[in-house]
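Data block for work13.pdb (PDB, C-alpha atoms):
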ATOM      1  CA  MET A   2       0.000   0.000   0.000
ATOM      2  CA  LYS A   3       2.970   2.369   0.438
ATOM      3  CA  LYS A   4       3.421   2.260  -3.336
ATOM      4  CA  LEU A   5      -0.202   3.365  -3.765
ATOM      5  CA  VAL A   6       0.533   6.428  -1.635
ATOM      6  CA  ALA A   7       3.482   7.297  -3.882
ATOM      7  CA  ALA A   8       1.205   7.058  -6.903
ATOM      8  CA  ALA A   9      -1.304   9.370  -5.216
ATOM      9  CA  MET A  10       1.317  12.081  -4.782
ATOM     10  CA  VAL A  11       1.951  12.117  -8.515
ATOM     11  CA  MET A  12      -1.769  11.931  -9.294
ATOM     12  CA  ALA A  13      -2.253  15.010  -7.133
ATOM     13  CA  THR A  14      -0.141  17.113  -9.497
ATOM     14  CA  ALA A  15      -2.077  15.999 -12.584
ATOM     15  CA  ALA A  16      -5.455  17.585 -11.741
ATOM     16  CA  CYS A  17      -6.269  20.997 -13.208
ATOM     17  CA  GLY A  18      -9.178  23.266 -14.050
ATOM     18  CA  VAL A  19     -12.211  24.249 -11.979
ATOM     19  CA  ASP A  20     -12.639  22.130  -8.863
ATOM     20  CA  LYS A  21     -16.130  20.628  -8.845
ATOM     21  CA  GLY A  22     -15.208  17.886  -6.413
ATOM     22  CA  GLU A  23     -16.224  19.464  -3.095
ATOM     23  CA  PRO A  24     -19.721  17.871  -2.901
ATOM     24  CA  PHE A  25     -18.068  14.481  -3.373
ATOM     25  CA  ARG A  26     -15.432  14.924  -0.649
ATOM     26  CA  SER A  27     -18.047  14.040   1.953
ATOM     27  CA  GLY A  28     -18.723  10.763   0.186
ATOM     28  CA  PHE A  29     -16.176   8.503   1.848
ATOM     29  CA  PRO A  30     -14.593   7.943   5.291
ATOM     30  CA  TYR A  31     -11.337   9.639   6.213
ATOM     31  CA  SER A  32      -8.622   7.886   8.190
ATOM     32  CA  ASP A  33      -9.725   9.684  11.378
ATOM     33  CA  THR A  34     -13.337   8.559  10.804
ATOM     34  CA  VAL A  35     -12.432   4.929  11.465
ATOM     35  CA  LYS A  36      -9.554   5.382  13.900
ATOM     36  CA  MET A  37      -9.661   3.328  17.094
ATOM     37  CA  ASN A  38      -8.386   5.471  19.981
ATOM     38  CA  VAL A  39      -7.055   3.739  23.092
ATOM     39  CA  PRO A  40      -5.362   5.751  25.898
ATOM     40  CA  GLY A  41      -1.711   5.805  24.937
ATOM     41  CA  SER A  42       1.692   5.027  26.332
ATOM     42  CA  SER A  43       4.641   4.658  23.964
ATOM     43  CA  LYS A  44       6.327   2.448  26.561
ATOM     44  CA  ALA A  45       3.372   0.075  26.521
ATOM     45  CA  LEU A  46       3.264  -0.551  22.780
ATOM     46  CA  SER A  47       4.156  -4.102  21.800
ATOM     47  CA  ALA A  48       4.097  -5.002  18.124
ATOM     48  CA  SER A  49       3.781  -8.689  18.904
ATOM     49  CA  GLY A  50       1.220  -8.223  21.653
ATOM     50  CA  THR A  51       3.329 -10.384  24.001
ATOM     51  CA  ARG A  52       4.184  -9.615  27.604
ATOM     52  CA  GLN A  53       7.656  -8.264  28.184
ATOM     53  CA  ASP A  54       7.669  -8.177  31.992
ATOM     54  CA  GLY A  55       5.005 -10.263  33.745
ATOM     55  CA  LEU A  56       5.332  -8.376  37.028
ATOM     56  CA  GLU A  57       2.900  -6.503  39.221
ATOM     57  CA  GLY A  58       3.534  -2.785  38.837
ATOM     58  CA  GLU A  59       4.976  -3.118  35.342
ATOM     59  CA  THR A  60       3.161  -2.184  32.126
ATOM     60  CA  ALA A  61       0.133  -4.462  31.800
ATOM     61  CA  GLN A  62       0.426  -7.255  29.247
ATOM     62  CA  PHE A  63      -3.106  -6.980  27.931
ATOM     63  CA  TYR A  64      -3.085  -3.192  27.870
ATOM     64  CA  SER A  65      -0.033  -3.486  25.600
ATOM     65  CA  PHE A  66      -1.806  -6.179  23.585
ATOM     66  CA  THR A  67      -4.967  -4.096  23.183
ATOM     67  CA  ARG A  68      -3.133  -0.950  22.188
ATOM     68  CA  GLY A  69      -0.788  -2.812  19.856
ATOM     69  CA  ILE A  70      -3.645  -4.548  18.041
ATOM     70  CA  THR A  71      -5.646  -1.327  17.625
ATOM     71  CA  VAL A  72      -2.569   0.385  16.168
ATOM     72  CA  MET A  73      -2.254  -2.484  13.684
ATOM     73  CA  VAL A  74      -5.931  -2.281  12.670
ATOM     74  CA  ASN A  75      -5.711   1.502  12.362
ATOM     75  CA  GLY A  76      -2.731   1.066  10.065
ATOM     76  CA  ALA A  77      -4.554  -1.388   7.810
ATOM     77  CA  ALA A  78      -7.361   1.064   7.078
ATOM     78  CA  GLY A  79      -5.473   4.306   7.592
ATOM     79  CA  LEU A  80      -2.871   3.851   4.876
ATOM     80  CA  ILE A  81      -5.308   3.381   2.015
ATOM     81  CA  LEU A  82      -7.748   6.026   3.319
ATOM     82  CA  THR A  83      -4.852   8.472   3.551
ATOM     83  CA  LEU A  84      -4.139   7.650  -0.079
ATOM     84  CA  VAL A  85      -7.755   8.545  -0.952
ATOM     85  CA  GLU A  86      -7.466  11.797   1.003
ATOM     86  CA  LYS A  87      -4.332  12.763  -0.931
ATOM     87  CA  ILE A  88      -6.044  11.995  -4.239
ATOM     88  CA  THR A  89      -9.185  13.970  -3.439
ATOM     89  CA  ASP A  90      -7.323  16.989  -2.050
ATOM     90  CA  ASN A  91      -7.127  17.976  -5.715
ATOM     91  CA  PRO A  92      -9.784  18.636  -8.363
ATOM     92  CA  PRO A  93     -11.309  15.533  -9.950
ATOM     93  CA  THR A  94     -10.422  14.648 -13.514
ATOM     94  CA  SER A  95     -14.110  14.695 -14.406
ATOM     95  CA  VAL A  96     -17.517  15.357 -12.874
ATOM     96  CA  LYS A  97     -20.523  14.103 -14.817
ATOM     97  CA  GLY A  98     -23.876  14.321 -13.081
ATOM     98  CA  ASN A  99     -23.643  12.404  -9.838
ATOM     99  CA  VAL A 100     -20.218  10.854 -10.546
ATOM    100  CA  ALA A 101     -16.767  12.311  -9.827
ATOM    101  CA  VAL A 102     -13.614  10.573 -11.061
ATOM    102  CA  TRP A 103     -10.006  11.175 -10.030
ATOM    103  CA  GLY A 104      -7.559   9.673 -12.526
ATOM    104  CA  PRO A 105      -6.807   7.387 -14.227
ATOM    105  CA  HIS A 106      -3.182   8.049 -13.497
ATOM    106  CA  THR A 107       0.060   6.203 -14.078
ATOM    107  CA  ASP A 108       3.263   7.161 -12.325
ATOM    108  CA  PRO A 109       5.922   7.291 -15.084
ATOM    109  CA  LEU A 110       8.063   4.827 -13.136
ATOM    110  CA  SER A 111       5.226   2.511 -12.074
ATOM    111  CA  PRO A 112       3.646  -0.420 -13.928
ATOM    112  CA  ASN A 113       0.304   0.334 -12.185
ATOM    113  CA  THR A 114      -2.561   2.679 -13.087
ATOM    114  CA  TYR A 115      -5.172   3.913 -10.571
ATOM    115  CA  ARG A 116      -8.493   5.756 -10.516
ATOM    116  CA  PHE A 117     -10.911   6.740  -7.754
ATOM    117  CA  THR A 118     -14.643   7.147  -8.391
ATOM    118  CA  VAL A 119     -17.300   8.606  -6.065
ATOM    119  CA  THR A 120     -20.996   8.268  -6.946
ATOM    120  CA  LYS A 121     -23.729  10.261  -5.194
ATOM    121  CA  THR A 122     -26.617   7.813  -4.697
ATOM    122  CA  GLY A 123     -28.908   9.930  -2.487
ATOM    123  CA  ALA A 124     -29.205  13.220  -0.642
ATOM    124  CA  SER A 125     -26.311  12.264   1.646
ATOM    125  CA  ASP A 126     -25.472   8.761   0.424
ATOM    126  CA  PHE A 127     -22.462   7.799  -1.663
ATOM    127  CA  SER A 128     -20.635   4.792  -3.054
ATOM    128  CA  TYR A 129     -16.967   4.807  -3.992
ATOM    129  CA  VAL A 130     -14.252   2.603  -5.433
ATOM    130  CA  LEU A 131     -10.468   2.779  -5.775
ATOM    131  CA  GLU A 132      -9.320   0.639  -8.693
ATOM    132  CA  GLY A 133      -5.982  -0.418 -10.087
ATOM    133  CA  LYS A 134      -4.750  -2.179 -13.213
ATOM    134  CA  GLY A 135      -1.516  -2.894 -15.019
ATOM    135  CA  LYS A 136      -0.259   0.038 -17.070
ATOM    136  CA  THR A 137      -0.556  -1.871 -20.345
ATOM    137  CA  GLU A 138      -3.834  -3.631 -19.522
ATOM    138  CA  ALA A 139      -7.187  -2.623 -20.972
ATOM    139  CA  ASP A 140      -9.616  -0.603 -18.864
ATOM    140  CA  THR A 141     -11.687  -3.767 -18.440
ATOM    141  CA  ALA A 142      -8.866  -5.090 -16.225
ATOM    142  CA  TYR A 143      -9.407  -2.575 -13.406
ATOM    143  CA  ARG A 144      -9.579  -4.311 -10.018
ATOM    144  CA  ALA A 145     -11.319  -2.807  -6.984
ATOM    145  CA  VAL A 146      -8.835  -2.643  -4.095
ATOM    146  CA  LEU A 147     -11.146  -0.465  -1.960
ATOM    147  CA  SER A 148     -14.925  -0.200  -2.288
ATOM    148  CA  GLY A 149     -17.668   0.972   0.016
ATOM    149  CA  ASN A 150     -20.755   2.982   0.867
ATOM    150  CA  HIS A 151     -20.940   6.057   3.068
ATOM    151  CA  ALA A 152     -23.819   8.061   4.545
ATOM    152  CA  ALA A 153     -22.454  11.540   5.170
ATOM    153  CA  VAL A 154     -23.451  13.591   8.210
ATOM    154  CA  ALA A 155     -20.661  16.119   7.648
ATOM    155  CA  LYS A 156     -17.273  16.061   5.983
ATOM    156  CA  LYS A 157     -15.205  13.393   7.760
ATOM    157  CA  PHE A 158     -18.266  12.206   9.727
ATOM    158  CA  GLY A 159     -20.865   9.597   8.896
ATOM    159  CA  HIS A 160     -21.443   5.854   8.813
ATOM    160  CA  GLY A 161     -21.077   3.026   6.349
ATOM    161  CA  SER A 162     -18.886   0.103   5.368
ATOM    162  CA  PHE A 163     -15.975  -0.679   3.074
ATOM    163  CA  LEU A 164     -13.929  -3.618   1.849
ATOM    164  CA  LEU A 165     -10.142  -3.669   1.532
ATOM    165  CA  ASP A 166      -9.149  -6.379  -0.952
ATOM    166  CA  TRP A 167      -5.438  -7.117  -0.719
ATOM    167  CA  ASP A 168      -5.820 -10.250  -2.856
ATOM    168  CA  LYS A 169      -6.993  -8.041  -5.734
ATOM    169  CA  ALA A 170      -4.155  -5.609  -5.079
ATOM    170  CA  ALA A 171      -1.755  -8.564  -5.240
ATOM    171  CA  GLU A 172      -2.803  -9.125  -8.875
ATOM    172  CA  LEU A 173      -1.272  -5.775  -9.846
ATOM    173  CA  PRO A 174       2.228  -5.787 -11.337
ATOM    174  CA  GLU A 175       3.520  -3.785  -8.354
ATOM    175  CA  HIS A 176       2.178  -4.705  -4.907
ATOM    176  CA  ASP A 177       3.014  -5.420  -1.281
ATOM    177  CA  ALA A 178       3.484  -9.175  -0.933
ATOM    178  CA  ASN A 179       2.959  -9.025   2.847
ATOM    179  CA  ASN A 180      -0.663  -7.850   2.565
ATOM    180  CA  VAL A 181      -3.085 -10.600   1.547
ATOM    181  CA  GLY A 182      -6.716 -11.463   2.229
ATOM    182  CA  THR A 183      -9.519  -8.972   2.835
ATOM    183  CA  ALA A 184     -10.746  -6.647   5.580
ATOM    184  CA  GLN A 185     -14.390  -5.624   5.918
ATOM    185  CA  PHE A 186     -15.066  -2.528   8.042
ATOM    186  CA  THR A 187     -18.436  -1.300   9.315
ATOM    187  CA  TYR A 188     -18.389   1.991  11.210
ATOM    188  CA  ALA A 189     -20.463   4.796  12.703
ATOM    189  CA  HIS A 190     -18.841   8.121  13.644
ATOM    190  CA  ASP A 191     -21.506  10.728  12.987
ATOM    191  CA  THR A 192     -20.163  13.660  15.034
ATOM    192  CA  ALA A 193     -17.092  14.434  17.115
ATOM    193  CA  ALA A 194     -19.093  13.910  20.334
ATOM    194  CA  ALA A 195     -21.201  10.936  19.225
ATOM    195  CA  PRO A 196     -20.388   7.351  20.250
ATOM    196  CA  VAL A 197     -18.012   5.650  17.815
ATOM    197  CA  SER A 198     -18.404   2.036  16.721
ATOM    198  CA  ILE A 199     -16.052   0.174  14.395
ATOM    199  CA  ASP A 200     -16.290  -3.510  13.482
ATOM    200  CA  ALA A 201     -13.621  -5.158  11.345
ATOM    201  CA  THR A 202     -13.406  -8.682   9.959
ATOM    202  CA  PHE A 203     -10.061  -9.808   8.540
ATOM    203  CA  THR A 204     -10.286 -12.896   6.318
ATOM    204  CA  ASN A 205      -7.352 -15.036   5.144
ATOM    205  CA  VAL A 206      -4.752 -12.471   6.184
ATOM    206  CA  LYS A 207      -1.133 -13.396   6.856
ATOM    207  CA  ASP A 208      -0.133 -13.976  10.471
ATOM    208  CA  LYS A 209       3.353 -12.513  10.957
ATOM    209  CA  GLU A 210       4.370 -15.074  13.576
ATOM    210  CA  SER A 211       3.409 -18.259  11.709
ATOM    211  CA  GLY A 212       3.282 -17.042   8.114
ATOM    212  CA  GLN A 213      -0.068 -18.813   7.804
ATOM    213  CA  ARG A 214      -3.363 -17.288   6.704
ATOM    214  CA  VAL A 215      -5.761 -16.660   9.578
ATOM    215  CA  ASN A 216      -9.105 -15.022  10.276
ATOM    216  CA  ALA A 217      -9.595 -12.346  12.930
ATOM    217  CA  GLY A 218     -12.376 -10.099  14.158
ATOM    218  CA  TYR A 219     -12.353  -6.765  15.966
ATOM    219  CA  LYS A 220     -15.068  -4.680  17.612
ATOM    220  CA  TYR A 221     -14.445  -1.197  19.000
ATOM    221  CA  GLY A 222     -16.720   1.228  20.800
ATOM    222  CA  ALA A 223     -16.012   4.521  22.558
ATOM    223  CA  THR A 224     -17.736   7.687  23.709
ATOM    224  CA  ALA A 225     -15.824  10.933  24.180
ATOM    225  CA  GLY A 226     -15.128  11.482  27.868
ATOM    226  CA  GLN A 227     -16.447   8.061  28.910
ATOM    227  CA  GLY A 228     -13.840   5.513  27.853
ATOM    228  CA  GLY A 229     -14.467   2.550  25.605
ATOM    229  CA  SER A 230     -14.080  -1.132  24.821
ATOM    230  CA  PHE A 231     -12.327  -3.342  22.306
ATOM    231  CA  ASP A 232     -13.001  -6.985  21.427
ATOM    232  CA  PHE A 233     -10.663  -9.243  19.477
ATOM    233  CA  THR A 234     -10.884 -12.832  18.264
ATOM    234  CA  MET A 235      -8.489 -14.990  16.287
ATOM    235  CA  ALA A 236      -8.273 -18.676  15.411
ATOM    236  CA  LYS A 237      -4.685 -19.984  15.185
ATOM    237  CA  ASN A 238      -2.262 -22.374  16.860
ATOM    238  CA  PHE A 239      -1.571 -20.579  20.153
ATOM    239  CA  VAL A 240      -0.290 -23.536  22.218
ATOM    240  CA  LEU A 241       1.891 -26.598  21.669
ATOM    241  CA  GLY A 242       0.290 -29.185  19.394
ATOM    242  CA  ALA A 243      -1.303 -29.175  15.966
ATOM    243  CA  GLY A 244      -4.744 -27.984  17.007
ATOM    244  CA  ILE A 245      -6.207 -24.581  16.190
ATOM    245  CA  GLU A 246      -7.368 -22.686  19.263
ATOM    246  CA  ASN A 247      -9.794 -19.774  19.415
ATOM    247  CA  LEU A 248      -8.726 -16.770  21.488
ATOM    248  CA  THR A 249     -11.030 -13.925  22.470
ATOM    249  CA  VAL A 250     -10.060 -10.765  24.342
ATOM    250  CA  ARG A 251     -12.393  -8.089  25.698
ATOM    251  CA  SER A 252     -10.737  -4.921  26.977
ATOM    252  CA  ARG A 253     -12.497  -2.009  28.659
ATOM    253  CA  TRP A 254     -11.064   1.297  29.826
ATOM    254  CA  GLN A 255     -12.116   4.481  31.546
ATOM    255  CA  GLU A 256     -11.252   7.924  30.221
ATOM    256  CA  SER A 257      -8.424   8.045  32.774
ATOM    257  CA  GLY A 258      -6.789   5.073  31.050
ATOM    258  CA  ALA A 259      -7.461   2.562  33.835
ATOM    259  CA  GLY A 260      -8.892  -0.627  32.442
ATOM    260  CA  ARG A 261      -9.331  -4.364  32.338
ATOM    261  CA  SER A 262      -8.941  -7.265  29.889
ATOM    262  CA  ASP A 263     -10.700 -10.627  30.127
ATOM    263  CA  VAL A 264      -9.456 -13.452  27.933
ATOM    264  CA  LYS A 265     -10.859 -16.827  26.921
ATOM    265  CA  GLY A 266      -9.142 -19.642  25.048
ATOM    266  CA  THR A 267     -11.036 -22.680  23.734
ATOM    267  CA  GLY A 268     -10.725 -25.621  21.375
ATOM    268  CA  GLY A 269      -7.695 -27.078  19.649
ATOM    269  CA  ASP A 270      -5.234 -28.629  22.079
ATOM    270  CA  LEU A 271      -6.873 -27.037  25.122
ATOM    271  CA  THR A 272      -8.532 -29.897  26.993
ATOM    272  CA  THR A 273     -10.483 -27.353  29.045
ATOM    273  CA  PRO A 274     -11.162 -23.673  28.369
ATOM    274  CA  MET A 275      -8.590 -21.297  29.817
ATOM    275  CA  SER A 276      -9.212 -17.789  31.107
ATOM    276  CA  VAL A 277      -7.056 -14.809  32.030
ATOM    277  CA  SER A 278      -7.955 -11.438  33.549
ATOM    278  CA  GLU A 279      -5.719  -8.436  34.087
ATOM    279  CA  CYS A 280      -6.411  -4.939  35.425
ATOM    280  CA  TRP A 281      -4.258  -1.836  35.085
ATOM    281  CA  ASP A 282      -4.274   1.613  36.641
ATOM    282  CA  SER A 283      -4.320   5.039  34.944
ATOM    283  CA  GLY A 284      -0.577   4.739  34.390
ATOM    284  CA  PHE A 285      -1.171   1.427  32.511
ATOM    285  CA  LEU A 286       0.612  -0.522  35.261
ATOM    286  CA  SER A 287      -0.640  -4.020  36.064
ATOM    287  CA  ARG A 288      -2.374  -4.265  39.463
ATOM    288  CA  TYR A 289      -4.308  -7.534  39.215
ATOM    289  CA  PHE A 290      -3.643 -10.712  37.243
ATOM    290  CA  THR A 291      -5.265 -14.126  37.358
ATOM    291  CA  ALA A 292      -4.838 -17.109  35.048
ATOM    292  CA  SER A 293      -6.864 -20.288  35.306
ATOM    293  CA  PHE A 294      -3.991 -22.463  34.087
ATOM    294  CA  ASP A 295      -1.240 -21.248  36.435
ATOM    295  CA  VAL A 296      -2.285 -19.817  39.785
ATOM    296  CA  LYS A 297       1.368 -19.317  40.805
ATOM    297  CA  GLN A 298       1.629 -16.213  38.623
ATOM    298  CA  ASN A 299      -1.557 -14.621  40.005
ATOM    299  CA  TYR A 300      -1.304 -11.412  42.034
ATOM    300  CA  GLY A 301      -3.290  -8.467  43.353
ATOM    301  CA  GLN A 302      -6.888  -8.009  44.474
ATOM    302  CA  GLU A 303      -9.793  -7.745  42.037
ATOM    303  CA  SER A 304     -11.226  -4.933  44.155
ATOM    304  CA  VAL A 305      -8.615  -2.546  42.684
ATOM    305  CA  CYS A 306      -9.948  -3.038  39.153
ATOM    306  CA  ALA A 307     -11.648  -0.185  37.306
ATOM    307  CA  PHE A 308     -14.265  -2.796  36.284
ATOM    308  CA  ALA A 309     -15.249  -5.050  39.165
ATOM    309  CA  THR A 310     -16.094  -8.282  37.328
ATOM    310  CA  ALA A 311     -14.955 -10.216  34.282
ATOM    311  CA  GLU A 312     -16.748  -9.628  31.008
ATOM    312  CA  TYR A 313     -15.852 -11.926  28.110
ATOM    313  CA  SER A 314     -16.136 -11.203  24.406
ATOM    314  CA  THR A 315     -19.061 -12.619  22.449
ATOM    315  CA  LEU A 316     -17.179 -12.507  19.137
TER
END

Now, as a test, write the supplied structure out as structure tokens.
Amino acid sequence: MKKLVAAAMVMATAACGVDKGEPFRSGFPYSDTVKMNVPGSSKALSASGTRQDGLEGETAQFYSFTRGITVMVNGAAGLILTLVEKITDNPPTSVKGNVAVWGPHTDPLSPNTYRFTVTKTGASDFSYVLEGKGKTEADTAYRAVLSGNHAAVAKKFGHGSFLLDWDKAAELPEHDANNVGTAQFTYAHDTAAAPVSIDATFTNVKDKESGQRVNAGYKYGATAGQGGSFDFTMAKNFVLGAGIENLTVRSRWQESGAGRSDVKGTGGDLTTPMSVSECWDSGFLSRYFTASFDVKQNYGQESVCAFATAEYSTL
């Protein structure tokens, strides 16, 4: 996707003439529209989502996991939506009736050609598609790498859904071999103060640890000034043995940053379900930890938790 961004920068210089694109710039989500915000600590970020310390009073494992995963999901959607923003910062190539088109454009040094189309389907409803093809291919060869529908409330605010298709992008002459599979996003972010909900389903994407294709689901909800929650599920081989286990994590946090994660593991080589709970304070430090499979590592009192009882994901 980084190569798509480079193409967008060149496309941006190609537009000219009267800009009739403004009505169409409310017709798609921006990267901030679908951003999952979790209280932040640069020290806590863990790209792998694995615990680095395991001690009471150190940065909480599942806070790090939650924040790391949300950063990853934000990156998946944010890169291509940033590309769209760069494209549409400039006048469209054409506006005919209810359709605005940016491109097609080919970077002189790229074998790929791209175009972005926004169609107004109602008073505040739009559909859109970002397509790519090989430079020498016919226009019938365009492949949709991003497509969706958006109900605009205001520019950068609204609700809808979109599909990222990395398998289609992989058919282009120039592509990122590490991104495969698809990601389906459904979101609602109608105003700056309104509750935000973002659901994402990743299908047949590459797991960095195993190199295998896996499925994963994410569910995020937050209200300004009130904290939020994040659910995650993935099916993969988490423990020794050949079986595929299912892991679910539900994390909740207050606006202060204090929060709690409750984890369930089932199936595969787990003879009985396993559970883990961890609570952290407003400094993201672990204050309570309990694991059903190894009571020796448990510590703290549940009474210190920002959320008094366990709450497991239904994903």

Would you mind listing, for every residue of region 105-214 of chain A within 12 Å of region 238-245 of chain A, the two atoms forming the shortest contact and the distance between them in Å to one decimal, using all atoms listed in the file, sorted by chain and ascending residue number, as a tab-separated table?
residue	atom	partner	partner_atom	distance
A:Asp208	CA	A:Asn238	CA	10.8
A:Glu210	CA	A:Asn238	CA	10.4
A:Ser211	CA	A:Asn238	CA	8.7
A:Gly212	CA	A:Asn238	CA	11.6
A:Gln213	CA	A:Asn238	CA	10.0
A:Arg214	CA	A:Asn238	CA	11.4

Practice item. Write out as a PyMOL selection string each polymer residue whose atoms come within 12 Å of Val264 (chain A), counting all atoms listed in the file; drop sequence neighbours fewer than 5 positions from it. Key: chain A and resi 62-63+66-67+231-235+247-253+274-280+290-293+311-316

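Closest approach to Thr71 (chain A) among A:Phe203, A:Phe117, A:Tyr221, A:Phe285: A:Tyr221, based on all atoms listed in the file.
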
**Study point:** Reference answer for the PyMOL selection byres ((chain A and resi 102) around 6), as a PyMOL selection string
**Key:** chain A and resi 93-95+101+103+117-118

Please tabulate, as a Markdown table, the residues of region 203-277 of chain A that come within 8 Å of region 21-43 of chain A, each with its closest pair of atoms and the distance in Å to one decimal, counting all atoms listed in the file and ordering rows by chain, then residue number upward.
| residue | atom | partner | partner_atom | distance |
| --- | --- | --- | --- | --- |
| A:Tyr221 | CA | A:Met37 | CA | 6.9 |
| A:Gly229 | CA | A:Val39 | CA | 7.9 |
| A:Glu256 | CA | A:Pro40 | CA | 7.6 |
| A:Ser257 | CA | A:Pro40 | CA | 7.9 |
| A:Gly258 | CA | A:Pro40 | CA | 5.4 |

Let me know the residues the PyMOL selection byres ((chain A and resi 158) around 6) catches in the file above, as a short mmCIF file (atom, residue, chain, number, x, y, z; two decimals) with C-alpha atoms, in the frame of the given file.
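Printed below is out_6.cif as written:
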data_model
loop_
_atom_site.label_atom_id
_atom_site.label_comp_id
_atom_site.auth_asym_id
_atom_site.auth_seq_id
_atom_site.Cartn_x
_atom_site.Cartn_y
_atom_site.Cartn_z
CA VAL A 154 -23.45 13.59 8.21
CA ALA A 155 -20.66 16.12 7.65
CA LYS A 156 -17.27 16.06 5.98
CA LYS A 157 -15.20 13.39 7.76
CA GLY A 159 -20.86 9.60 8.90
CA HIS A 190 -18.84 8.12 13.64
CA ASP A 191 -21.51 10.73 12.99
CA THR A 192 -20.16 13.66 15.03
#

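CA of Gly149 (chain A) sits 27.3 Å away from CA of Lys209 (chain A).
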
Point to revise | Thr224 (chain A) surroundings by all atoms listed in the file, 7 Å radius, close-in-sequence under 6 positions cut, as a PyMOL selection string | key: chain A and resi 195-197

Exercise for review: Go ahead and compute the interatomic distance for CA of Ala217 (chain A) and CA of Thr202 (chain A), in Å to one decimal.
Suggested key: 6.1 Å

Point to revise | Output of the PyMOL selection byres ((chain A and resi 174) around 8), listed as a ChimeraX atom specification | key: /A:112-113,135,171-173,175-176

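Interatomic distance, CA of Leu165 (chain A) to CA of Ser111 (chain A): 21.4 Å.
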
Study note, to complete from the structure: Of A:Leu271, A:Val305, A:Leu110, A:Val119, the one nearest to His151 (chain A) when counting only C-alpha atoms is A:Val119

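Shortest separation to Asp90 (chain A) among A:Val181, A:Arg288, A:Asp20, A:Leu164 occurs at residue A:Asp20, atoms counted being all atoms listed in the file.
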
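Closest approach to Gly284 (chain A) among A:Gly161, A:Gly58, A:Gly123, A:Pro92: A:Gly58, based on all atoms listed in the file.
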
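Here the question is which of A:Arg261, A:Tyr289, A:Pro109, A:Arg116 gets nearest to Ser304 (chain A) using only C-alpha atoms, and that residue is A:Tyr289.
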
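With all atoms listed in the file as the basis for measurement, A:Phe186 is the residue among A:Tyr143, A:Phe308, A:Phe186, A:Tyr129 that approaches Val74 (chain A) most closely.
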